[in-house]
Amino acid sequence: TPAFAQDNRRLETKVADVLAQFPAQSVEHTAKLMAEILETGAPGIAQFCDRVVAPGTGNDSQARMALESLAQYAGAPNRESNRKVVESALLAAIEKATDKEVKAFFIRRLQYCGGTESVTKLEKHLNSSELYGPTLAALTSIGKPESGAVVLKNLPGKSGLQQVAMVKTLGQLKYQPAESSLIELAQTAKGELLQHTYAALAAIGGKASVATFE
């Protein structure tokens, strides 16, 4: 137990030392700080996440800057092992957070480093009136077929701006299996929803849509 406590204090000191250097002064400085954060592993990244707080309850600007840079760094090409570590840490932070804005902050970072695991874990947030926006943005950036499948699965029963946003996402992802559902929706949709349904079908570019456009 004393050894564990000592290690934990060392980790807290490392995290504090890195945070004190934000904002970084150059690209080289940023890369150095990213390497130091990644060296702390999942426990260290979790401590950075723990320092993100609800708006108006404290100054967490350095922690947010550090995690923004880390997500971008880990999501760059040829850093798959780093990407997985950071993705898992962010997904854990989303589950741990109780404030919706804090959850949204972590979800948005997955736009840079999210993968198939994120698609699975983010699905439930598509049904949140406060989190569907950042969730759709993350799914769009991840851009895998699984992203489209999750959006299409959760589209039934949606209305208003949430329905419009999900239709737009299906178009942005060019998710072919959504074509028949969107053709059906075009028969009853009106106004902005109808416009975005047509736009999504155009982006998908399937032959079955020809009759709808005619």
# chains A, B, ... in the order shown; residues from 1 in each chain; ligands from 1
$ closest_atom_pairs --of "stretch 141-206 of chain A" --to "stretch 116-122 of chain A" --cutoff "9 Å" --atoms "only C-alpha atoms" --output "JSON lines"
{"residue": "A:Ile142", "atom": "CA", "partner": "A:Thr116", "partner_atom": "CA", "distance": 8.0}
{"residue": "A:Lys144", "atom": "CA", "partner": "A:Thr116", "partner_atom": "CA", "distance": 7.4}
{"residue": "A:Glu146", "atom": "CA", "partner": "A:Val119", "partner_atom": "CA", "distance": 6.8}
{"residue": "A:Ser147", "atom": "CA", "partner": "A:Val119", "partner_atom": "CA", "distance": 5.9}
{"residue": "A:Val150", "atom": "CA", "partner": "A:Val119", "partner_atom": "CA", "distance": 7.5}
$ residues_around --residues "stretch 169-171 of chain A" --least-positions-apart "6" --cutoff "12 Å" --atoms "only C-alpha atoms" --output "PyMOL selection string"
chain A and resi 126+132-155+162-163+177-179+181-182+195-206
$ write_last_selection --atoms "N, CA and C atoms" --output "compact mmCIF listing (two decimals), in the first residue's frame"
# COMPACT_ATOMS: atom_id res chain seq x y z
N LEU A 126 -27.15 8.44 -28.85
CA LEU A 126 -27.98 8.94 -29.95
C LEU A 126 -29.40 9.22 -29.48
N TYR A 132 -26.93 13.86 -28.66
CA TYR A 132 -26.97 13.28 -30.02
C TYR A 132 -26.13 14.09 -31.00
N GLY A 133 -26.04 15.42 -30.81
CA GLY A 133 -25.27 16.26 -31.72
C GLY A 133 -23.79 15.90 -31.76
N PRO A 134 -23.09 15.96 -30.62
CA PRO A 134 -21.69 15.57 -30.63
C PRO A 134 -21.48 14.09 -30.98
N THR A 135 -22.45 13.25 -30.65
CA THR A 135 -22.34 11.83 -31.00
C THR A 135 -22.38 11.64 -32.51
N LEU A 136 -23.29 12.32 -33.18
CA LEU A 136 -23.37 12.22 -34.64
C LEU A 136 -22.11 12.77 -35.29
N ALA A 137 -21.57 13.85 -34.73
CA ALA A 137 -20.33 14.41 -35.27
C ALA A 137 -19.19 13.41 -35.15
N ALA A 138 -19.11 12.73 -34.01
CA ALA A 138 -18.06 11.73 -33.81
C ALA A 138 -18.24 10.56 -34.76
N LEU A 139 -19.48 10.08 -34.90
CA LEU A 139 -19.74 8.96 -35.79
C LEU A 139 -19.42 9.30 -37.24
N THR A 140 -19.71 10.54 -37.63
CA THR A 140 -19.41 10.98 -38.99
C THR A 140 -17.90 10.99 -39.22
N SER A 141 -17.15 11.51 -38.27
CA SER A 141 -15.69 11.56 -38.41
C SER A 141 -15.08 10.16 -38.42
N ILE A 142 -15.60 9.28 -37.59
CA ILE A 142 -15.11 7.89 -37.57
C ILE A 142 -15.36 7.26 -38.93
N GLY A 143 -16.55 7.49 -39.49
CA GLY A 143 -16.82 7.18 -40.88
C GLY A 143 -16.86 5.72 -41.28
N LYS A 144 -17.01 4.84 -40.36
CA LYS A 144 -17.04 3.42 -40.70
C LYS A 144 -18.48 3.00 -41.05
N PRO A 145 -18.65 1.89 -41.79
CA PRO A 145 -20.00 1.40 -42.07
C PRO A 145 -20.81 1.19 -40.80
N GLU A 146 -20.13 0.80 -39.73
CA GLU A 146 -20.82 0.60 -38.45
C GLU A 146 -21.47 1.88 -37.95
N SER A 147 -20.86 3.03 -38.28
CA SER A 147 -21.45 4.31 -37.89
C SER A 147 -22.81 4.49 -38.53
N GLY A 148 -22.89 4.25 -39.84
CA GLY A 148 -24.15 4.37 -40.54
C GLY A 148 -25.19 3.40 -40.03
N ALA A 149 -24.76 2.18 -39.73
CA ALA A 149 -25.68 1.16 -39.24
C ALA A 149 -26.32 1.57 -37.91
N VAL A 150 -25.51 2.17 -37.04
CA VAL A 150 -26.00 2.60 -35.73
C VAL A 150 -26.99 3.75 -35.88
N VAL A 151 -26.69 4.69 -36.77
CA VAL A 151 -27.59 5.83 -36.98
C VAL A 151 -28.92 5.36 -37.56
N LEU A 152 -28.86 4.51 -38.58
CA LEU A 152 -30.08 4.00 -39.21
C LEU A 152 -30.92 3.21 -38.21
N LYS A 153 -30.28 2.42 -37.39
CA LYS A 153 -30.99 1.61 -36.40
C LYS A 153 -31.78 2.47 -35.42
N ASN A 154 -31.22 3.64 -35.08
CA ASN A 154 -31.85 4.50 -34.08
C ASN A 154 -32.70 5.62 -34.67
N LEU A 155 -32.83 5.68 -35.99
CA LEU A 155 -33.61 6.73 -36.64
C LEU A 155 -35.11 6.62 -36.39
N GLN A 162 -33.52 16.48 -34.22
CA GLN A 162 -32.76 15.24 -34.05
C GLN A 162 -32.93 14.35 -35.27
N GLN A 163 -34.15 14.24 -35.79
CA GLN A 163 -34.40 13.45 -36.98
C GLN A 163 -33.66 14.02 -38.19
N PRO A 177 -27.18 1.20 -47.25
CA PRO A 177 -28.34 0.47 -46.72
C PRO A 177 -29.47 1.36 -46.22
N ALA A 178 -29.22 2.66 -46.08
CA ALA A 178 -30.27 3.57 -45.61
C ALA A 178 -31.19 4.03 -46.74
N GLU A 179 -30.85 3.69 -47.99
CA GLU A 179 -31.59 4.24 -49.13
C GLU A 179 -33.09 3.96 -49.06
N SER A 181 -35.04 3.24 -46.54
CA SER A 181 -35.69 3.95 -45.44
C SER A 181 -35.88 5.43 -45.77
N LEU A 182 -34.89 6.01 -46.42
CA LEU A 182 -34.97 7.43 -46.79
C LEU A 182 -35.99 7.65 -47.90
N GLN A 195 -36.02 18.29 -47.54
CA GLN A 195 -34.83 18.77 -48.25
C GLN A 195 -33.60 17.92 -47.89
N HIS A 196 -33.43 17.65 -46.60
CA HIS A 196 -32.25 16.89 -46.17
C HIS A 196 -32.38 15.41 -46.54
N THR A 197 -33.62 14.92 -46.65
CA THR A 197 -33.81 13.55 -47.10
C THR A 197 -33.39 13.42 -48.56
N TYR A 198 -33.80 14.37 -49.39
CA TYR A 198 -33.37 14.38 -50.79
C TYR A 198 -31.85 14.49 -50.89
N ALA A 199 -31.27 15.37 -50.08
CA ALA A 199 -29.81 15.57 -50.12
C ALA A 199 -29.08 14.29 -49.73
N ALA A 200 -29.60 13.59 -48.73
CA ALA A 200 -28.97 12.33 -48.30
C ALA A 200 -29.07 11.28 -49.39
N LEU A 201 -30.24 11.18 -50.02
CA LEU A 201 -30.40 10.23 -51.11
C LEU A 201 -29.48 10.56 -52.27
N ALA A 202 -29.31 11.85 -52.55
CA ALA A 202 -28.41 12.25 -53.63
C ALA A 202 -26.97 11.86 -53.31
N ALA A 203 -26.58 12.03 -52.06
CA ALA A 203 -25.21 11.69 -51.65
C ALA A 203 -24.98 10.18 -51.74
N ILE A 204 -26.00 9.41 -51.37
CA ILE A 204 -25.90 7.96 -51.44
C ILE A 204 -25.84 7.50 -52.90
N GLY A 205 -26.63 8.14 -53.74
CA GLY A 205 -26.54 7.88 -55.18
C GLY A 205 -26.98 6.50 -55.63
N GLY A 206 -28.01 5.95 -54.99
CA GLY A 206 -28.49 4.63 -55.37
C GLY A 206 -29.50 4.67 -56.50
$ atom_distance --atom1 "atom CA of A:Ala208" --atom2 "atom CA of A:Gly157"
23.7 Å
$ atom_distance --atom1 "atom CA of A:Ala93" --atom2 "atom CA of A:Asp50"
7.6 Å
$ atom_distance --atom1 "atom CA of A:Gln72" --atom2 "atom CA of A:Ala92"
17.9 Å
$ select_by_dssp --residues "stretch 6-214 of chain A" --states "helix (DSSP H, G or I)" --output "number ranges by chain"
A: 6-19, 27-39, 41-50, 61-74, 80-96, 100-113, 116-127, 132-142, 145-154, 160-173, 176-186, 191-204, 207-213
$ residues_around --residues "A:Asp60" --least-positions-apart "6" --cutoff "8 Å" --atoms "only C-alpha atoms" --output "ChimeraX atom specification"
/A:51-53
$ residues_around --residues "A:Gly44" --least-positions-apart "6" --cutoff "10 Å" --atoms "only C-alpha atoms" --output "number ranges by chain"
A: 8, 11-12, 14-15, 36-38, 50, 89
$ residues_around --residues "stretch 20-24 of chain A" --least-positions-apart "6" --cutoff "9 Å" --atoms "only C-alpha atoms" --output "compact mmCIF listing (two decimals) with N, CA and C atoms, in the first residue's frame"
# COMPACT_ATOMS: atom_id res chain seq x y z
N THR A 30 4.67 20.50 -28.23
CA THR A 30 3.44 19.71 -28.14
C THR A 30 3.75 18.23 -28.26
N LEU A 33 5.19 16.91 -25.08
CA LEU A 33 4.19 16.77 -24.04
C LEU A 33 3.29 15.56 -24.30
N SER A 61 -9.07 24.77 -18.26
CA SER A 61 -8.65 25.07 -19.64
C SER A 61 -7.40 24.29 -20.05
N GLN A 62 -6.45 24.13 -19.13
CA GLN A 62 -5.23 23.40 -19.48
C GLN A 62 -5.51 21.92 -19.71
N ALA A 63 -6.38 21.34 -18.90
CA ALA A 63 -6.74 19.94 -19.08
C ALA A 63 -7.45 19.73 -20.41
N MET A 65 -7.15 21.61 -23.11
CA MET A 65 -6.15 21.78 -24.17
C MET A 65 -5.31 20.52 -24.32
N ALA A 66 -4.91 19.95 -23.19
CA ALA A 66 -4.07 18.75 -23.22
C ALA A 66 -4.80 17.59 -23.89
$ closest_residue --among "A:Cys49, A:Ala35, A:Pro55, A:Glu123" --to "A:Leu90" --atoms "only C-alpha atoms"
A:Cys49
$ closest_residue --among "A:Arg83, A:Arg108, A:His125, A:Arg64" --to "A:Glu95" --atoms "only C-alpha atoms"
A:His125
$ closest_residue --among "A:Ala42, A:Ala16, A:Ala54, A:Ile183" --to "A:Thr98" --atoms "only C-alpha atoms"
A:Ala54
